[in-house]
Structures are given as C-alpha cells and as structure tokens.
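Undergrad: Quick one: the structure is below, and I'll ask about it shortly.
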Amino acid sequence: MGALTEELEFTQRIDFPAKAENIALAEKLIDEACTKHNVHESHYGNILIALTEAVNNAIHHGNRLDPTKTVTLGYQVKGEQIVFLVQDQGPGFDFEHLPDPTDPQNLEKPHGRGVFLMRALADSVEFSDNGATVAMAFSLQPVQE
C-alpha cells in the first residue's frame, strides 16, 4: 500500500454487487461526502467524473459484471484532502502500461480513457493490489484563479 492508502480509516464506506445500475449508489455516496465536507464546487465535477470512471472500471473490467463480486467505495478526510478508495475483486491490470487515449490511433476507440481521466482530474492517484484498488485524493480548498 502507498501513501494515500496507509492507515486509511473510512469516514464512510459502501460495498455493492458489480452491477451497472449500482453506479447510482456510488454517485449518492459522492454527493453526500461532498456536501458533508463542504467540497468546493470547483472540485465537485472532477471528483464525480474521476470516481464514476473508477467505479465503472471496477464493475465492468475488474469484476466483469459478476454480481457475486463486490465493489467497495469509501473515503476519508485527511487534513486538507478527501481521499476516495475504489476496490474490486478482479485480478487487476497493468496500470503502468496503458495505451495513450490521445494518440490519433486511439481517438476513435470507445474505451480506454478512464485511467487517463482519473489521473488528469485527481490531485493524486495511487494504484495497489495489481490495479484492483485505486485511491484518489482531492483538495478541499477552493481552486485559486
């Protein structure tokens, strides 16, 4: 485990079957967490997109839509950051060697942007468990313009 997941004690956590419709459960937890911890609106969109990508990947790619497998989504506030963790029961993936979705040969492909978006939208992203777990940190401070 890395710096983001070390001693992570969930403020709130949900576990749900790997079914596509359960993305709504994740969105509800994200909304509740952002409201409870006064996440600035300048960060809300990034959090929602990055986490729905991670949960969608866990459901579809990690657990392969197997409803007997579980996806975990939880978070903890650590100082000036909110850290979210998404975990699936799949074998993981090689998160270090993914095709570049901005490469012209990949632009027309319908998949392959999730990890790219997570890395672009979160302040930090950390994979563990061979890619079956991802932690993402977001600032609680408003974006300075």
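Going by the structure tokens order, chains are called A, B, ..., each with residues numbered from 1, while ligands are numbered from 1 in the order shown.
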Please provide the set of residues having any atom within 12 Å of Asn46 in chain A, restricted to only C-alpha atoms, with same-chain residues fewer than 2 positions apart removed, written as a ChimeraX atom specification.
TA: /A:30,34,39-44,48-53,117-123,136-139,143
Undergrad: Taking the backbone alone, and naming residues the way the document does, which bits of range 22-92 of chain A are strand (DSSP E or B) by DSSP, as a list in words?
TA: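 Residues of range 22-92 of chain A classed as strand (DSSP E or B): Thr70, Val71, Thr72, Leu73, Gly74, Tyr75, Gln76, Val77, Lys78, Gln81, Ile82, Val83, Phe84, Leu85, Val86 and Gln87 of chain A.
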Undergrad: Mind dumping the selected residues with N, CA and C atoms as a tab-separated table (two decimals), in the first residue's frame?
TA:
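Below is the file that was written, part.tsv:
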```
chain	number	residue	atom	x	y	z
A	70	THR	N	-17.96	-8.02	-5.37
A	70	THR	CA	-18.28	-6.76	-4.71
A	70	THR	C	-17.33	-5.65	-5.13
A	71	VAL	N	-17.87	-4.44	-5.21
A	71	VAL	CA	-17.09	-3.22	-5.37
A	71	VAL	C	-17.19	-2.46	-4.05
A	72	THR	N	-16.07	-1.95	-3.59
A	72	THR	CA	-16.03	-1.13	-2.38
A	72	THR	C	-15.69	0.30	-2.76
A	73	LEU	N	-16.44	1.23	-2.20
A	73	LEU	CA	-16.16	2.66	-2.35
A	73	LEU	C	-16.20	3.27	-0.97
A	74	GLY	N	-15.14	3.94	-0.62
A	74	GLY	CA	-15.09	4.60	0.68
A	74	GLY	C	-14.25	5.85	0.61
A	75	TYR	N	-14.30	6.64	1.68
A	75	TYR	CA	-13.48	7.84	1.70
A	75	TYR	C	-13.09	8.20	3.12
A	76	GLN	N	-12.06	9.03	3.20
A	76	GLN	CA	-11.63	9.60	4.47
A	76	GLN	C	-11.11	11.00	4.20
A	77	VAL	N	-11.38	11.90	5.11
A	77	VAL	CA	-10.79	13.23	5.05
A	77	VAL	C	-9.47	13.16	5.80
A	78	LYS	N	-8.41	13.56	5.10
A	78	LYS	CA	-7.05	13.57	5.68
A	78	LYS	C	-6.49	14.97	5.50
A	81	GLN	N	-7.34	17.28	2.44
A	81	GLN	CA	-7.73	16.46	1.29
A	81	GLN	C	-8.84	15.49	1.67
A	82	ILE	N	-9.59	15.10	0.65
A	82	ILE	CA	-10.53	13.99	0.80
A	82	ILE	C	-9.98	12.89	-0.11
A	83	VAL	N	-9.80	11.70	0.47
A	83	VAL	CA	-9.22	10.57	-0.25
A	83	VAL	C	-10.31	9.52	-0.44
A	84	PHE	N	-10.56	9.17	-1.69
A	84	PHE	CA	-11.53	8.13	-2.02
A	84	PHE	C	-10.79	6.87	-2.44
A	85	LEU	N	-11.36	5.73	-2.11
A	85	LEU	CA	-10.78	4.44	-2.49
A	85	LEU	C	-11.85	3.61	-3.17
A	86	VAL	N	-11.49	3.01	-4.30
A	86	VAL	CA	-12.36	2.10	-5.04
A	86	VAL	C	-11.61	0.79	-5.18
A	87	GLN	N	-12.30	-0.29	-4.83
A	87	GLN	CA	-11.65	-1.61	-4.87
A	87	GLN	C	-12.61	-2.63	-5.49
```
Undergrad: According to DSSP computed on the backbone, where in range 24-143 of chain A is there helix (DSSP H, G or I)? Give the residues as a ChimeraX atom specification.
TA: /A:24-36,41-62,104-106,114-121,129-131
Undergrad: What lies within 12 Å of range 20-22 of chain A using only C-alpha atoms, ignoring chain neighbours under 5 positions off, as a VMD selection string?
TA: chain A and resid 14 to 15 27 to 29 52 to 53 55 to 61 63 to 67 70 to 73
Undergrad: Would you write out those residues with C-alpha atoms, as a PDB file, in the first residue's frame?
TA:
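And here's selection.pdb as it stands now:
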```pdb
ATOM      1  CA  ILE A  14     -20.257   1.133   0.899  1.00  0.00           C
ATOM      2  CA  ASP A  15     -19.952  -2.308  -0.663  1.00  0.00           C
ATOM      3  CA  GLU A  27     -22.920   8.782  -7.095  1.00  0.00           C
ATOM      4  CA  LYS A  28     -25.085   9.081  -3.973  1.00  0.00           C
ATOM      5  CA  LEU A  29     -22.110   8.499  -1.655  1.00  0.00           C
ATOM      6  CA  THR A  52     -17.597   7.260 -11.567  1.00  0.00           C
ATOM      7  CA  GLU A  53     -14.860   6.226 -14.023  1.00  0.00           C
ATOM      8  CA  VAL A  55     -16.341   2.565 -10.109  1.00  0.00           C
ATOM      9  CA  ASN A  56     -17.395   1.841 -13.687  1.00  0.00           C
ATOM     10  CA  ASN A  57     -13.989   0.242 -14.348  1.00  0.00           C
ATOM     11  CA  ALA A  58     -14.319  -1.838 -11.166  1.00  0.00           C
ATOM     12  CA  ILE A  59     -17.784  -3.067 -12.152  1.00  0.00           C
ATOM     13  CA  HIS A  60     -17.099  -3.724 -15.843  1.00  0.00           C
ATOM     14  CA  HIS A  61     -13.391  -4.552 -16.108  1.00  0.00           C
ATOM     15  CA  ASN A  63     -15.371  -7.725 -11.618  1.00  0.00           C
ATOM     16  CA  ARG A  64     -16.602  -8.273 -15.190  1.00  0.00           C
ATOM     17  CA  LEU A  65     -20.229  -7.514 -14.247  1.00  0.00           C
ATOM     18  CA  ASP A  66     -20.274 -10.552 -11.939  1.00  0.00           C
ATOM     19  CA  PRO A  67     -22.966  -9.707  -9.335  1.00  0.00           C
ATOM     20  CA  THR A  70     -18.277  -6.760  -4.712  1.00  0.00           C
ATOM     21  CA  VAL A  71     -17.085  -3.221  -5.370  1.00  0.00           C
ATOM     22  CA  THR A  72     -16.029  -1.133  -2.379  1.00  0.00           C
ATOM     23  CA  LEU A  73     -16.159   2.661  -2.353  1.00  0.00           C
TER      24      LEU A  73
END
```
Undergrad: Mind giving me the straight-line distance from CA of Thr35 in chain A to CA of Ala132 in chain A in Å, one decimal?
TA: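 That distance, rounded to one decimal, is 27.6 Å.
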Undergrad: Using only C-alpha atoms, which of A:Gln141, A:Val125, A:Gly131, A:Lys69 sits nearest Leu4 in chain A?
TA: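 Smallest separation from Leu4 in chain A among the options: A:Val125.
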Undergrad: Please list as a list in words every residue within 9 Å of Asn130 in chain A, counting only C-alpha atoms and excluding residues in the same chain fewer than 6 positions away.
TA: Pro91, Gly92, Phe93, Asp94 and Phe95 of chain A
Undergrad: Rounded to one decimal in Å, what is the spacing between CA of Leu140 in chain A and CA of Ile47 in chain A?
TA: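 That distance, rounded to one decimal, is 10.9 Å.
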